[in-house]
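**Student:** Take a look at the following structure, please.
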Amino acid sequence: MTGQGLIEQGRLAAWGIGLAALVALPFVYRDPYHLHILVLILIWSFAYTSWSMMGRFGLVSLGHGGFMGIGAYVTALLWNHLGLTPWIGIPISMVAAGILALIVGYPCFRFRITGHYFVLVTLALSGIVLQVITATRDYTGGSLGYTPNRASGNKLWALQFDDKTTWYLIALGVWLFGIVVWHWVDRSMARYALEAISEDEDAAAAAGVDVTAEKLKITLLSAVMTALAGAIYCQYQMFITPDTVSGIAVSLQMVFAAIVGGLFVSLGPTFGAVITILLAETLRIGFGTKAVGWDNLVYGVLLVLFIIFLPKGILGSLLDRLKPQRKVPRAHEHEAVQKQEAVQVARPGT
């Protein structure tokens, strides 16, 4: 077996052992608070992974807070006002987020709105969704927040569970789904098309790549997954506010976590989620209401520092250091190799 095959087997074995440990964890360690933190990390990891689907190809979006808000509020509103189970409400919210992504994305990609102009358009999207949620306070509760009705009967039908272990396993499954999708995109032909587009759109189009279609597909996938994250977060917390699931602050949090953890590594957003959740909890426990909003300030400062000094993120940079460095031959060694090859070619019978 080749060395590459052994490395691949080792990687698969490490994933298998890690997943087995994660599944067994809530049955061995049952502390409610720590399980709560782990559930939040897994849900937000999925949200950050969803954002990184676009971000890793140069499509920097600040509108994903809007998609997450749609996922959370549409699911809760359908349950409270129409009695639609979240098993139906969540797919509807994902479709709604996808339609909004297409409405915003198609004109941008069709008319080549890229770079900071695209960032500004998505920034406006996030702000609009936040304002709509806040303005329709008669239905959404506005800035006071919104609570899905508690189910009195079948909790599975309402997707409501009091047991932290159940929610941990659900969040783990959603997180794993996000990792699988990330790897699927990474190993698909779409990856090469999107990388070509991020380098030079005109050259990619000349090579036969449908630039608008490829951008729309990855944007749609990212938006739908982010809406799913918002819906799962709403069902777990059973209370949402515009500031916690939508708006510019949530979008910036996604950008920060993905970049700090490692934008081009599948577990990078998960590493970023560990940092963001633990930072928020540390500030909440240490300073209480005096530290409201401090996490966003810290995110902004750290984001600038990481972009300048550690652009591949913590996990991405660490993996780069662990990779074996291929030895580059010196000039005289290269010449000696060339001479040896020339002798072998000139030698009779070779």
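In the structure tokens, chains take the letters A, B, ... in the order shown, each chain's residues start at 1, and ligands count up from 1 in the order shown.
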Which neighbours of A:Leu252 fall inside 9 Å, counting only C-alpha atoms, when residues of the same chain fewer than 6 positions from it are skipped, and could you give them as a ChimeraX atom specification?
**Tutor:** /A:62,65,296,299-300
**Student:** Residues as selected, C-alpha atoms, written as an mmCIF file, in the first residue's frame, can you do that?
**Tutor:**
```cif
data_model
loop_
_atom_site.group_PDB
_atom_site.id
_atom_site.type_symbol
_atom_site.label_atom_id
_atom_site.label_comp_id
_atom_site.auth_asym_id
_atom_site.auth_seq_id
_atom_site.Cartn_x
_atom_site.Cartn_y
_atom_site.Cartn_z
ATOM 1 C CA LEU A 62 -22.711 39.690 5.181
ATOM 2 C CA GLY A 65 -27.681 36.684 9.389
ATOM 3 C CA ASN A 296 -18.672 41.937 18.815
ATOM 4 C CA TYR A 299 -14.571 39.801 17.123
ATOM 5 C CA GLY A 300 -13.792 42.900 15.092
#
```
**Student:** DSSP on the backbone: what in stretch 17-166 of chain A comes out alpha helix (DSSP H), as an NGL selection string?
**Tutor:** :A and (17-28 or 32-55 or 64-82 or 86-110 or 115-135 or 137-140 or 155-158 or 164-166)
**Student:** Name the closest residue to A:Gly66 among the candidates A:Ala135, A:Ile103, A:Ile92, A:Val250; distances are taken between atoms, counting only C-alpha atoms.
**Tutor:**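 Once distances to A:Gly66 are computed over only C-alpha atoms, the minimum belongs to A:Val250.
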**Student:** Which of these, A:Leu318, A:Leu59, A:Val74, A:Ile232, has the shortest distance to A:Ile170 once you count only C-alpha atoms?
**Tutor:**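 Comparing A:Leu318, A:Leu59, A:Val74, A:Ile232 against A:Ile170, the winner is A:Ile232.
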**Student:** For A:Ala24, find every residue with an atom within 12 Å (counting only C-alpha atoms), except residues of its own chain fewer than 6 positions away, and show them as an NGL selection string.
**Tutor:** :A and (17-18 or 30 or 165 or 168-169 or 172)
**Student:** For the residues in that selection, give me N, CA, C and O atoms as a PDB file, in the first residue's frame.
**Tutor:**
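In the end it all went to selection-v6.pdb:
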```pdb
ATOM      1  N   ILE A  17     -12.913   7.210  15.124  1.00  0.00           N
ATOM      2  CA  ILE A  17     -12.712   7.231  16.584  1.00  0.00           C
ATOM      3  C   ILE A  17     -13.295   8.502  17.186  1.00  0.00           C
ATOM      4  O   ILE A  17     -13.956   8.483  18.234  1.00  0.00           O
ATOM      5  N   GLY A  18     -13.072   9.629  16.506  1.00  0.00           N
ATOM      6  CA  GLY A  18     -13.587  10.899  17.005  1.00  0.00           C
ATOM      7  C   GLY A  18     -15.107  10.931  17.047  1.00  0.00           C
ATOM      8  O   GLY A  18     -15.708  11.372  18.045  1.00  0.00           O
ATOM      9  N   ARG A  30     -22.874  13.781  31.847  1.00  0.00           N
ATOM     10  CA  ARG A  30     -24.244  14.286  31.752  1.00  0.00           C
ATOM     11  C   ARG A  30     -24.435  15.669  32.363  1.00  0.00           C
ATOM     12  O   ARG A  30     -25.568  16.065  32.643  1.00  0.00           O
ATOM     13  N   THR A 165     -29.448  15.415  26.197  1.00  0.00           N
ATOM     14  CA  THR A 165     -28.801  14.362  25.421  1.00  0.00           C
ATOM     15  C   THR A 165     -29.442  14.240  24.034  1.00  0.00           C
ATOM     16  O   THR A 165     -28.744  14.098  23.023  1.00  0.00           O
ATOM     17  N   TYR A 168     -28.338  17.139  21.987  1.00  0.00           N
ATOM     18  CA  TYR A 168     -26.924  16.984  21.628  1.00  0.00           C
ATOM     19  C   TYR A 168     -26.777  16.065  20.422  1.00  0.00           C
ATOM     20  O   TYR A 168     -26.020  16.375  19.484  1.00  0.00           O
ATOM     21  N   LEU A 169     -27.498  14.956  20.408  1.00  0.00           N
ATOM     22  CA  LEU A 169     -27.408  14.015  19.292  1.00  0.00           C
ATOM     23  C   LEU A 169     -27.975  14.623  18.008  1.00  0.00           C
ATOM     24  O   LEU A 169     -27.450  14.396  16.912  1.00  0.00           O
ATOM     25  N   LEU A 172     -25.407  17.098  16.839  1.00  0.00           N
ATOM     26  CA  LEU A 172     -24.254  16.369  16.308  1.00  0.00           C
ATOM     27  C   LEU A 172     -24.539  15.876  14.891  1.00  0.00           C
ATOM     28  O   LEU A 172     -23.668  15.956  14.004  1.00  0.00           O
TER      29      LEU A 172
END
```
**Student:** What is the atom CA of A:Phe306-atom CA of A:Trp51 distance in Å, reported with one decimal?
**Tutor:**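 Answer for the atom CA of A:Phe306 to atom CA of A:Trp51 separation: 17.8 Å.
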**Student:** Would you pick out the contacts of A:Ile218 at 7 Å or less, using only C-alpha atoms, so that residues sharing its chain but fewer than 3 positions from it are not included, and give the list as an NGL selection string?
**Tutor:** :A and (53-54 or 214-215 or 221-222)
**Student:** Please produce a file of the residues just selected, as a compact mmCIF listing (two decimals), in the first residue's frame, where the atoms kept are N, CA and C atoms.
**Tutor:**
```txt
# COMPACT_ATOMS: atom_id res chain seq x y z
N MET A 53 -19.04 27.83 2.89
CA MET A 53 -19.27 27.29 1.55
C MET A 53 -19.06 28.35 0.49
N MET A 54 -19.51 29.58 0.81
CA MET A 54 -19.32 30.70 -0.11
C MET A 54 -18.00 31.41 0.13
N GLU A 214 -22.86 28.79 -11.51
CA GLU A 214 -22.03 28.21 -10.44
C GLU A 214 -22.12 29.05 -9.17
N LYS A 215 -22.11 30.36 -9.32
CA LYS A 215 -22.23 31.22 -8.14
C LYS A 215 -23.60 31.06 -7.48
N LEU A 221 -27.05 26.84 -1.87
CA LEU A 221 -26.70 25.80 -0.90
C LEU A 221 -26.34 26.41 0.45
N SER A 222 -25.55 27.46 0.43
CA SER A 222 -25.12 28.11 1.66
C SER A 222 -26.30 28.74 2.40
```
**Student:** Kindly give the distance, in Å, that separates atom CA of A:Ile275 and atom CA of A:Ala257, rounded to a single decimal.
**Tutor:** 7.5 Å
**Student:** Taking into account only C-alpha atoms, which residue in the set A:Thr166, A:Ser246, A:Ser198, A:Asn154 is nearest to A:Val23?
**Tutor:**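 Closest to A:Val23, using only C-alpha atoms: A:Thr166.
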**Student:** Identify, on the basis of only C-alpha atoms, every residue whose closest approach to A:Phe109 does not exceed 12 Å; exclude the query and any residue fewer than 5 positions from it along the same chain; express the result as a compact mmCIF listing (two decimals) with N, CA and C atoms, in the first residue's frame.
**Tutor:**
```txt
# COMPACT_ATOMS: atom_id res chain seq x y z
N LEU A 59 -16.60 34.63 -2.19
CA LEU A 59 -17.93 35.25 -2.14
C LEU A 59 -18.23 35.63 -0.69
N ALA A 101 -32.25 34.21 -1.53
CA ALA A 101 -30.87 34.16 -2.02
C ALA A 101 -30.83 34.30 -3.54
N LEU A 102 -31.78 33.65 -4.23
CA LEU A 102 -31.83 33.76 -5.69
C LEU A 102 -32.21 35.16 -6.13
N ILE A 103 -33.18 35.77 -5.42
CA ILE A 103 -33.62 37.12 -5.77
C ILE A 103 -32.48 38.12 -5.65
N VAL A 104 -31.68 37.98 -4.60
CA VAL A 104 -30.56 38.90 -4.39
C VAL A 104 -29.35 38.49 -5.23
N THR A 114 -19.41 42.42 -7.88
CA THR A 114 -18.47 41.60 -7.13
C THR A 114 -17.71 42.44 -6.10
N GLY A 115 -16.85 41.77 -5.36
CA GLY A 115 -15.98 42.47 -4.41
C GLY A 115 -16.76 43.19 -3.33
N TYR A 117 -18.70 45.69 -3.54
CA TYR A 117 -20.07 46.01 -3.91
C TYR A 117 -21.02 44.86 -3.53
N PHE A 118 -20.58 43.63 -3.76
CA PHE A 118 -21.38 42.47 -3.37
C PHE A 118 -21.52 42.41 -1.85
N VAL A 121 -24.21 44.85 -0.81
CA VAL A 121 -25.56 44.37 -1.12
C VAL A 121 -26.02 43.36 -0.07
N ILE A 197 -13.33 30.87 -11.00
CA ILE A 197 -14.12 32.10 -10.98
C ILE A 197 -13.53 33.10 -9.99
N GLU A 201 -12.88 35.80 -13.39
CA GLU A 201 -14.18 35.44 -13.96
C GLU A 201 -14.15 35.36 -15.48
N ASP A 210 -19.98 28.31 -16.62
CA ASP A 210 -21.16 29.18 -16.49
C ASP A 210 -21.05 29.90 -15.15
N VAL A 211 -20.48 31.10 -15.18
CA VAL A 211 -20.14 31.82 -13.95
C VAL A 211 -21.39 32.09 -13.10
N THR A 212 -22.44 32.60 -13.72
CA THR A 212 -23.65 32.94 -12.97
C THR A 212 -24.27 31.71 -12.32
N ALA A 213 -24.35 30.62 -13.07
CA ALA A 213 -24.98 29.40 -12.54
C ALA A 213 -24.18 28.82 -11.38
N GLU A 214 -22.86 28.79 -11.51
CA GLU A 214 -22.03 28.21 -10.44
C GLU A 214 -22.12 29.05 -9.17
N LYS A 215 -22.11 30.36 -9.32
CA LYS A 215 -22.23 31.22 -8.14
C LYS A 215 -23.60 31.06 -7.48
N LEU A 216 -24.64 30.97 -8.30
CA LEU A 216 -25.98 30.81 -7.75
C LEU A 216 -26.13 29.50 -7.00
N LYS A 217 -25.56 28.43 -7.53
CA LYS A 217 -25.69 27.12 -6.88
C LYS A 217 -25.04 27.12 -5.51
N ILE A 218 -23.84 27.65 -5.39
CA ILE A 218 -23.16 27.65 -4.08
C ILE A 218 -23.83 28.61 -3.11
N THR A 219 -24.37 29.73 -3.63
CA THR A 219 -25.08 30.68 -2.78
C THR A 219 -26.38 30.06 -2.26
```
**Student:** Go through A:Gly173, A:Pro32, A:Gly247, A:Gly178 one by one, measure the shortest atom-to-atom distance of each to A:Gly127 using only C-alpha atoms, and give the residue with the smallest value.
**Tutor:** A:Gly247
**Student:** Please report as JSON lines every residue of stretch 12-127 of chain A lying within 8 Å of stretch 146-151 of chain A, along with the nearest atom pair and their distance in Å (one decimal), using only C-alpha atoms.
**Tutor:**
```
{"residue": "A:Ala76", "atom": "CA", "partner": "A:Pro148", "partner_atom": "CA", "distance": 5.4}
{"residue": "A:Leu77", "atom": "CA", "partner": "A:Pro148", "partner_atom": "CA", "distance": 7.6}
{"residue": "A:Trp79", "atom": "CA", "partner": "A:Pro148", "partner_atom": "CA", "distance": 7.1}
{"residue": "A:Asn80", "atom": "CA", "partner": "A:Asn149", "partner_atom": "CA", "distance": 5.9}
```
